[in-house]
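Below is the file query12.pdb, which contains PDB, C-alpha atoms, pLDDT in the B column.
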```pdb
ATOM      1  CA  MET A 233       8.981 -86.509 108.323  1.00 93.00           C
ATOM      2  CA  PHE A 234       5.363 -85.583 107.638  1.00 97.00           C
ATOM      3  CA  LEU A 235       3.292 -88.199 105.812  1.00 97.00           C
ATOM      4  CA  GLY A 236      -0.321 -88.911 104.988  1.00 96.00           C
ATOM      5  CA  THR A 237      -3.569 -87.165 104.176  1.00 97.00           C
ATOM      6  CA  HIS A 238      -5.915 -85.860 106.850  1.00 97.00           C
ATOM      7  CA  THR A 239      -9.291 -84.139 106.539  1.00 97.00           C
ATOM      8  CA  PRO A 240      -9.950 -81.752 109.442  1.00 97.00           C
ATOM      9  CA  ARG A 241     -12.653 -79.108 109.355  1.00 97.00           C
ATOM     10  CA  LEU A 242     -12.094 -75.410 109.863  1.00 97.00           C
ATOM     11  CA  ASP A 243     -14.258 -74.041 112.682  1.00 97.00           C
ATOM     12  CA  GLU A 244     -16.031 -70.675 112.757  1.00 96.00           C
ATOM     13  CA  LYS A 245     -13.006 -69.081 114.458  1.00 96.00           C
ATOM     14  CA  GLY A 246     -10.579 -70.151 111.704  1.00 97.00           C
ATOM     15  CA  ARG A 247      -9.049 -73.037 113.651  1.00 97.00           C
ATOM     16  CA  LEU A 248      -8.410 -76.602 112.597  1.00 97.00           C
ATOM     17  CA  PHE A 249      -7.181 -79.634 114.466  1.00 96.00           C
ATOM     18  CA  LEU A 250      -3.666 -80.671 113.549  1.00 96.00           C
ATOM     19  CA  PRO A 251      -3.265 -84.385 112.840  1.00 94.00           C
ATOM     20  CA  ALA A 252      -2.834 -86.090 116.221  1.00 94.00           C
ATOM     21  CA  LYS A 253       0.419 -87.815 115.239  1.00 94.00           C
ATOM     22  CA  TYR A 254       2.113 -84.424 114.673  1.00 95.00           C
ATOM     23  CA  ARG A 255       0.793 -82.448 117.631  1.00 94.00           C
ATOM     24  CA  ASP A 256       3.755 -83.139 119.898  1.00 94.00           C
ATOM     25  CA  GLU A 257       6.255 -82.129 117.229  1.00 94.00           C
ATOM     26  CA  LEU A 258       4.389 -78.868 116.564  1.00 96.00           C
ATOM     27  CA  SER A 259       3.276 -78.079 120.129  1.00 94.00           C
ATOM     28  CA  GLY A 260       6.200 -75.717 120.750  1.00 93.00           C
ATOM     29  CA  GLY A 261       5.321 -73.550 117.777  1.00 96.00           C
ATOM     30  CA  LEU A 262       5.300 -73.452 114.028  1.00 98.00           C
ATOM     31  CA  VAL A 263       5.356 -71.091 111.095  1.00 98.00           C
ATOM     32  CA  ILE A 264       2.516 -70.986 108.607  1.00 98.00           C
ATOM     33  CA  THR A 265       2.884 -69.141 105.312  1.00 98.00           C
ATOM     34  CA  LYS A 266       1.791 -69.042 101.689  1.00 97.00           C
ATOM     35  CA  GLY A 267       2.790 -72.031  99.614  1.00 96.00           C
ATOM     36  CA  GLN A 268       2.808 -72.665  95.908  1.00 94.00           C
ATOM     37  CA  GLU A 269      -0.431 -73.648  94.130  1.00 95.00           C
ATOM     38  CA  ARG A 270      -2.414 -71.588  96.677  1.00 96.00           C
ATOM     39  CA  CYS A 271      -1.995 -73.938  99.603  1.00 98.00           C
ATOM     40  CA  LEU A 272      -0.437 -73.103 102.966  1.00 98.00           C
ATOM     41  CA  TYR A 273       2.877 -74.417 104.243  1.00 98.00           C
ATOM     42  CA  VAL A 274       3.239 -75.329 107.919  1.00 98.00           C
ATOM     43  CA  PHE A 275       6.816 -75.677 109.138  1.00 98.00           C
ATOM     44  CA  PRO A 276       8.047 -76.790 112.545  1.00 97.00           C
ATOM     45  CA  MET A 277      10.283 -74.130 114.058  1.00 96.00           C
ATOM     46  CA  ASP A 278      13.543 -75.932 113.271  1.00 96.00           C
ATOM     47  CA  GLU A 279      12.653 -76.318 109.586  1.00 96.00           C
ATOM     48  CA  SER A 280      11.537 -72.700 109.442  1.00 96.00           C
ATOM     49  CA  GLN A 281      14.923 -71.690 110.830  1.00 96.00           C
ATOM     50  CA  ARG A 282      16.707 -73.807 108.222  1.00 96.00           C
ATOM     51  CA  ILE A 283      14.791 -72.055 105.426  1.00 95.00           C
ATOM     52  CA  THR A 284      15.464 -68.655 106.990  1.00 95.00           C
ATOM     53  CA  ASP A 285      19.173 -69.431 107.145  1.00 96.00           C
ATOM     54  CA  ALA A 286      19.217 -70.568 103.506  1.00 95.00           C
ATOM     55  CA  LEU A 287      17.456 -67.410 102.352  1.00 94.00           C
ATOM     56  CA  ARG A 288      19.800 -65.295 104.469  1.00 94.00           C
ATOM     57  CA  GLU A 289      22.737 -66.854 102.623  1.00 95.00           C
ATOM     58  CA  ALA A 290      21.152 -66.400  99.178  1.00 95.00           C
ATOM     59  CA  PRO A 291      22.362 -63.366  97.205  1.00 95.00           C
ATOM     60  CA  VAL A 292      20.087 -60.389  97.910  1.00 91.00           C
ATOM     61  CA  THR A 293      21.193 -59.037  94.541  1.00 95.00           C
ATOM     62  CA  ALA A 294      19.134 -61.769  92.832  1.00 95.00           C
ATOM     63  CA  LYS A 295      15.644 -60.462  92.122  1.00 96.00           C
ATOM     64  CA  ALA A 296      14.074 -63.930  92.453  1.00 94.00           C
ATOM     65  CA  VAL A 297      15.505 -64.244  95.983  1.00 95.00           C
ATOM     66  CA  ARG A 298      14.128 -60.834  96.969  1.00 95.00           C
ATOM     67  CA  ASP A 299      10.723 -61.574  95.474  1.00 95.00           C
ATOM     68  CA  TYR A 300      10.440 -65.012  97.080  1.00 94.00           C
ATOM     69  CA  SER A 301      11.644 -63.761 100.468  1.00 95.00           C
ATOM     70  CA  ARG A 302       9.185 -60.873 100.476  1.00 96.00           C
ATOM     71  CA  VAL A 303       6.153 -63.043  99.813  1.00 95.00           C
ATOM     72  CA  PHE A 304       7.339 -65.868 102.061  1.00 95.00           C
ATOM     73  CA  PHE A 305       8.092 -63.714 105.119  1.00 97.00           C
ATOM     74  CA  ALA A 306       5.404 -61.056 104.670  1.00 97.00           C
ATOM     75  CA  SER A 307       2.704 -63.720 104.732  1.00 97.00           C
ATOM     76  CA  ALA A 308       4.288 -65.815 107.493  1.00 98.00           C
ATOM     77  CA  SER A 309       2.767 -66.110 110.934  1.00 98.00           C
ATOM     78  CA  ASP A 310       4.296 -67.852 113.919  1.00 97.00           C
ATOM     79  CA  GLU A 311       1.660 -69.755 115.842  1.00 97.00           C
ATOM     80  CA  VAL A 312       1.409 -72.058 118.827  1.00 97.00           C
ATOM     81  CA  PRO A 313      -1.346 -74.684 118.728  1.00 97.00           C
ATOM     82  CA  ASP A 314      -3.732 -74.588 121.667  1.00 96.00           C
ATOM     83  CA  LYS A 315      -3.972 -77.380 124.250  1.00 94.00           C
ATOM     84  CA  GLN A 316      -6.498 -79.250 122.102  1.00 95.00           C
ATOM     85  CA  GLY A 317      -4.092 -79.277 119.142  1.00 95.00           C
ATOM     86  CA  ARG A 318      -5.930 -76.601 117.162  1.00 97.00           C
ATOM     87  CA  LEU A 319      -4.086 -74.225 114.872  1.00 97.00           C
ATOM     88  CA  THR A 320      -5.533 -70.772 114.262  1.00 97.00           C
ATOM     89  CA  ILE A 321      -5.062 -69.791 110.629  1.00 98.00           C
ATOM     90  CA  PRO A 322      -4.895 -66.017 110.085  1.00 97.00           C
ATOM     91  CA  SER A 323      -7.687 -64.680 107.878  1.00 97.00           C
ATOM     92  CA  GLY A 324      -5.338 -63.461 105.124  1.00 97.00           C
ATOM     93  CA  LEU A 325      -3.875 -66.945 104.775  1.00 98.00           C
ATOM     94  CA  ARG A 326      -7.339 -68.531 104.835  1.00 98.00           C
ATOM     95  CA  SER A 327      -8.349 -66.225 101.994  1.00 97.00           C
ATOM     96  CA  TYR A 328      -5.183 -66.913  99.996  1.00 97.00           C
ATOM     97  CA  ALA A 329      -5.742 -70.678 100.152  1.00 98.00           C
ATOM     98  CA  GLY A 330      -9.522 -70.438  99.706  1.00 97.00           C
ATOM     99  CA  LEU A 331     -10.101 -72.323 102.946  1.00 98.00           C
ATOM    100  CA  GLU A 332     -13.660 -72.800 104.004  1.00 95.00           C
ATOM    101  CA  ARG A 333     -15.023 -75.585 106.158  1.00 97.00           C
ATOM    102  CA  ASP A 334     -13.587 -78.752 104.590  1.00 98.00           C
ATOM    103  CA  CYS A 335      -9.785 -78.856 104.484  1.00 98.00           C
ATOM    104  CA  VAL A 336      -7.097 -81.358 103.632  1.00 98.00           C
ATOM    105  CA  VAL A 337      -3.805 -81.489 105.507  1.00 98.00           C
ATOM    106  CA  ILE A 338      -1.111 -83.449 103.721  1.00 98.00           C
ATOM    107  CA  GLY A 339       2.305 -84.522 104.844  1.00 97.00           C
ATOM    108  CA  ALA A 340       4.936 -83.188 102.443  1.00 97.00           C
ATOM    109  CA  ASN A 341       8.215 -84.460 103.901  1.00 96.00           C
ATOM    110  CA  THR A 342       9.570 -81.524 105.967  1.00 97.00           C
ATOM    111  CA  ARG A 343       6.286 -79.613 106.152  1.00 98.00           C
ATOM    112  CA  LEU A 344       2.545 -79.977 106.265  1.00 98.00           C
ATOM    113  CA  GLU A 345       0.388 -78.384 103.587  1.00 98.00           C
ATOM    114  CA  ILE A 346      -3.158 -77.152 104.133  1.00 98.00           C
ATOM    115  CA  TRP A 347      -5.512 -77.141 101.167  1.00 98.00           C
ATOM    116  CA  GLY A 348      -9.175 -76.458 100.615  1.00 98.00           C
ATOM    117  CA  ALA A 349     -10.780 -79.874  99.999  1.00 97.00           C
ATOM    118  CA  SER A 350     -11.959 -79.074  96.477  1.00 97.00           C
ATOM    119  CA  ALA A 351      -8.630 -77.471  95.501  1.00 97.00           C
ATOM    120  CA  TRP A 352      -6.734 -80.559  96.728  1.00 97.00           C
ATOM    121  CA  ALA A 353      -9.071 -82.925  94.856  1.00 96.00           C
ATOM    122  CA  ALA A 354      -8.573 -80.947  91.631  1.00 95.00           C
ATOM    123  CA  TYR A 355      -4.792 -80.776  92.092  1.00 95.00           C
ATOM    124  CA  GLU A 356      -4.502 -84.476  92.904  1.00 93.00           C
ATOM    125  CA  ALA A 357      -6.607 -85.492  89.896  1.00 91.00           C
ATOM    126  CA  GLU A 358      -4.525 -83.279  87.607  1.00 90.00           C
ATOM    127  CA  GLN A 359      -1.230 -84.619  88.932  1.00 90.00           C
ATOM    128  CA  GLU A 360      -1.904 -88.373  88.944  1.00 85.00           C
ATOM    129  CA  GLN A 361      -0.517 -89.020  85.458  1.00 82.00           C
ATOM    130  CA  ALA A 362       2.280 -86.480  85.858  1.00 83.00           C
ATOM    131  CA  PHE A 363       3.363 -88.297  89.044  1.00 82.00           C
ATOM    132  CA  ALA A 364       3.607 -91.575  87.174  1.00 77.00           C
ATOM    133  CA  ASP A 365       5.502 -89.968  84.301  1.00 78.00           C
ATOM    134  CA  LEU A 366       8.033 -88.122  86.488  1.00 75.00           C
ATOM    135  CA  SER A 367       9.308 -90.950  88.666  1.00 66.00           C
ATOM    136  CA  GLU A 368      12.297 -91.658  86.426  1.00 67.00           C
ATOM    137  CA  GLU A 369      13.197 -87.974  86.092  1.00 68.00           C
ATOM    138  CA  VAL A 370      12.806 -86.992  89.749  1.00 67.00           C
ATOM    139  CA  LEU A 371      14.279 -90.111  91.359  1.00 62.00           C
ATOM    140  CA  PRO A 372      16.488 -91.814  88.780  1.00 65.00           C
ATOM    141  CA  GLY A 373      17.564 -95.265  89.891  1.00 64.00           C
ATOM    142  CA  VAL A 374      15.454 -95.187  93.051  1.00 62.00           C
ATOM    143  CA  LEU A 375      12.025 -96.265  91.813  1.00 57.00           C
TER     144      LEU A 375
END
```

Written form, structure tokens:
Amino acid sequence: MFLGTHTPRLDEKGRLFLPAKYRDELSGGLVITKGQERCLYVFPMDESQRITDALREAPVTAKAVRDYSRVFFASASDEVPDKQGRLTIPSGLRSYAGLERDCVVIGANTRLEIWGASAWAAYEAEQEQAFADLSEEVLPGVL
């Protein structure tokens, strides 16, 4: 499970340090792709395979499945962090997410998300009240 908020910086070569506590889990490879709200999703290989399997089983006759699969896989890149734990983010994905120097990496359960620092701050501020309001609807009886 991925948890927490981390604030690495993107270097001039488009690399950022993965949070130290997740480097071992991601050292064998990962998949990075476009996420919703213009962030990037980073999946360990086993989670990426689970998503691939689910999309393979989804009906190709459903337009939403085709559309989602096209964007998800066309933008995906399989990467292996270097020995220092740095992840190279392809330029197209950096552009999509508006990544510059300051980034935020958040744990989002089965994946990491990479955000531009200002985009994350704006999203988080916008969602604070919605988070409080949704707890009963999203997790009834749990919280």

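One distance worth recording is that between CA of Leu248 (chain A) and CA of Trp347 (chain A), which is 11.8 Å.
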
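Of the residues under consideration (A:Val274, A:Leu325, A:Asp285, A:Tyr254), A:Tyr254 shows the shortest atom-to-atom contact distance to Gly236 (chain A) when counting all atoms listed in the file.
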
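The shortest atom-to-atom distance to Asp310 (chain A), with all atoms listed in the file taken into account, belongs to A:Gly260 out of A:Glu360, A:Gly260, A:Cys271, A:Ser350.
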
Quiz item: Which residues, written as a ChimeraX atom specification, have at least one atom at most 6 Å from region 240-242 of chain A, with all atoms listed in the file counted and residues fewer than 4 positions away on the same chain left out?
Solution: /A:246-248,333-335

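With all atoms listed in the file as the atoms that count, the residue of A:Arg270, A:Gly261, A:Leu344, A:Glu244 with the shortest distance to Ser327 (chain A) is A:Arg270.
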
Practice problem: Just say which residues the PyMOL selection byres ((chain A and resi 341) around 9) picks in this file, as a PyMOL selection string. | Solution: chain A and resi 233-235+339-340+342-344

Exercise. Excluding Val263 (chain A) and residues on its chain fewer than 5 positions from it, collect all residues at most 7 Å away from it, counting all atoms listed in the file, and give them as a PyMOL selection string.
Key: chain A and resi 274-277+280+308-311

Keeping only C-alpha atoms, take the residues you just selected and write them out as a short mmCIF file (atom, residue, chain, number, x, y, z; two decimals), keeping the file's coordinate frame.
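Result file again_30.cif:
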```
data_model
loop_
_atom_site.label_atom_id
_atom_site.label_comp_id
_atom_site.auth_asym_id
_atom_site.auth_seq_id
_atom_site.Cartn_x
_atom_site.Cartn_y
_atom_site.Cartn_z
CA VAL A 274 3.24 -75.33 107.92
CA PHE A 275 6.82 -75.68 109.14
CA PRO A 276 8.05 -76.79 112.54
CA MET A 277 10.28 -74.13 114.06
CA SER A 280 11.54 -72.70 109.44
CA ALA A 308 4.29 -65.82 107.49
CA SER A 309 2.77 -66.11 110.93
CA ASP A 310 4.30 -67.85 113.92
CA GLU A 311 1.66 -69.76 115.84
#
```

Can I get region 351-369 of chain A with N, CA, C and O atoms filled in, as a PDB file, keeping the file's coordinate frame?
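Result file is out_16.pdb:
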```
ATOM      1  N   ALA A 351      -9.888 -77.808  96.176  1.00 97.00           N
ATOM      2  CA  ALA A 351      -8.630 -77.471  95.501  1.00 97.00           C
ATOM      3  C   ALA A 351      -7.682 -78.666  95.517  1.00 97.00           C
ATOM      4  O   ALA A 351      -7.018 -78.956  94.517  1.00 97.00           O
ATOM      5  N   TRP A 352      -7.601 -79.381  96.653  1.00 97.00           N
ATOM      6  CA  TRP A 352      -6.734 -80.559  96.728  1.00 97.00           C
ATOM      7  C   TRP A 352      -7.221 -81.650  95.776  1.00 97.00           C
ATOM      8  O   TRP A 352      -6.428 -82.261  95.066  1.00 97.00           O
ATOM      9  N   ALA A 353      -8.531 -81.887  95.740  1.00 96.00           N
ATOM     10  CA  ALA A 353      -9.071 -82.925  94.856  1.00 96.00           C
ATOM     11  C   ALA A 353      -8.744 -82.609  93.396  1.00 96.00           C
ATOM     12  O   ALA A 353      -8.333 -83.493  92.638  1.00 96.00           O
ATOM     13  N   ALA A 354      -8.879 -81.343  93.007  1.00 95.00           N
ATOM     14  CA  ALA A 354      -8.573 -80.947  91.631  1.00 95.00           C
ATOM     15  C   ALA A 354      -7.083 -81.101  91.345  1.00 95.00           C
ATOM     16  O   ALA A 354      -6.688 -81.623  90.294  1.00 95.00           O
ATOM     17  N   TYR A 355      -6.242 -80.660  92.273  1.00 95.00           N
ATOM     18  CA  TYR A 355      -4.792 -80.776  92.092  1.00 95.00           C
ATOM     19  C   TYR A 355      -4.382 -82.238  91.981  1.00 95.00           C
ATOM     20  O   TYR A 355      -3.629 -82.619  91.083  1.00 95.00           O
ATOM     21  N   GLU A 356      -4.875 -83.062  92.883  1.00 93.00           N
ATOM     22  CA  GLU A 356      -4.502 -84.476  92.904  1.00 93.00           C
ATOM     23  C   GLU A 356      -4.927 -85.171  91.605  1.00 93.00           C
ATOM     24  O   GLU A 356      -4.157 -85.935  91.020  1.00 93.00           O
ATOM     25  N   ALA A 357      -6.129 -84.880  91.138  1.00 91.00           N
ATOM     26  CA  ALA A 357      -6.607 -85.492  89.896  1.00 91.00           C
ATOM     27  C   ALA A 357      -5.735 -85.067  88.712  1.00 91.00           C
ATOM     28  O   ALA A 357      -5.394 -85.885  87.853  1.00 91.00           O
ATOM     29  N   GLU A 358      -5.352 -83.808  88.692  1.00 90.00           N
ATOM     30  CA  GLU A 358      -4.525 -83.279  87.607  1.00 90.00           C
ATOM     31  C   GLU A 358      -3.120 -83.874  87.622  1.00 90.00           C
ATOM     32  O   GLU A 358      -2.503 -84.062  86.578  1.00 90.00           O
ATOM     33  N   GLN A 359      -2.615 -84.192  88.792  1.00 90.00           N
ATOM     34  CA  GLN A 359      -1.230 -84.619  88.932  1.00 90.00           C
ATOM     35  C   GLN A 359      -1.015 -86.125  88.886  1.00 90.00           C
ATOM     36  O   GLN A 359       0.129 -86.580  88.832  1.00 90.00           O
ATOM     37  N   GLU A 360      -2.065 -86.918  88.909  1.00 85.00           N
ATOM     38  CA  GLU A 360      -1.904 -88.373  88.944  1.00 85.00           C
ATOM     39  C   GLU A 360      -1.013 -88.897  87.811  1.00 85.00           C
ATOM     40  O   GLU A 360      -0.069 -89.638  88.048  1.00 85.00           O
ATOM     41  N   GLN A 361      -1.309 -88.524  86.579  1.00 82.00           N
ATOM     42  CA  GLN A 361      -0.517 -89.020  85.458  1.00 82.00           C
ATOM     43  C   GLN A 361       0.880 -88.406  85.469  1.00 82.00           C
ATOM     44  O   GLN A 361       1.865 -89.082  85.199  1.00 82.00           O
ATOM     45  N   ALA A 362       0.969 -87.133  85.800  1.00 83.00           N
ATOM     46  CA  ALA A 362       2.280 -86.480  85.858  1.00 83.00           C
ATOM     47  C   ALA A 362       3.177 -87.176  86.889  1.00 83.00           C
ATOM     48  O   ALA A 362       4.374 -87.351  86.663  1.00 83.00           O
ATOM     49  N   PHE A 363       2.610 -87.575  88.010  1.00 82.00           N
ATOM     50  CA  PHE A 363       3.363 -88.297  89.044  1.00 82.00           C
ATOM     51  C   PHE A 363       3.954 -89.586  88.478  1.00 82.00           C
ATOM     52  O   PHE A 363       5.143 -89.872  88.650  1.00 82.00           O
ATOM     53  N   ALA A 364       3.135 -90.324  87.768  1.00 77.00           N
ATOM     54  CA  ALA A 364       3.607 -91.575  87.174  1.00 77.00           C
ATOM     55  C   ALA A 364       4.703 -91.314  86.144  1.00 77.00           C
ATOM     56  O   ALA A 364       5.694 -92.040  86.083  1.00 77.00           O
ATOM     57  N   ASP A 365       4.545 -90.274  85.358  1.00 78.00           N
ATOM     58  CA  ASP A 365       5.502 -89.968  84.301  1.00 78.00           C
ATOM     59  C   ASP A 365       6.833 -89.437  84.829  1.00 78.00           C
ATOM     60  O   ASP A 365       7.870 -89.622  84.193  1.00 78.00           O
ATOM     61  N   LEU A 366       6.826 -88.778  85.975  1.00 75.00           N
ATOM     62  CA  LEU A 366       8.033 -88.122  86.488  1.00 75.00           C
ATOM     63  C   LEU A 366       8.940 -88.996  87.338  1.00 75.00           C
ATOM     64  O   LEU A 366      10.051 -88.598  87.653  1.00 75.00           O
ATOM     65  N   SER A 367       8.518 -90.166  87.716  1.00 66.00           N
ATOM     66  CA  SER A 367       9.308 -90.950  88.666  1.00 66.00           C
ATOM     67  C   SER A 367      10.737 -91.173  88.193  1.00 66.00           C
ATOM     68  O   SER A 367      11.678 -91.100  88.981  1.00 66.00           O
ATOM     69  N   GLU A 368      10.939 -91.445  86.924  1.00 67.00           N
ATOM     70  CA  GLU A 368      12.297 -91.658  86.426  1.00 67.00           C
ATOM     71  C   GLU A 368      13.123 -90.379  86.431  1.00 67.00           C
ATOM     72  O   GLU A 368      14.312 -90.398  86.695  1.00 67.00           O
ATOM     73  N   GLU A 369      12.473 -89.249  86.162  1.00 68.00           N
ATOM     74  CA  GLU A 369      13.197 -87.974  86.092  1.00 68.00           C
ATOM     75  C   GLU A 369      13.539 -87.432  87.484  1.00 68.00           C
ATOM     76  O   GLU A 369      14.626 -86.935  87.722  1.00 68.00           O
TER      77      GLU A 369
END
```
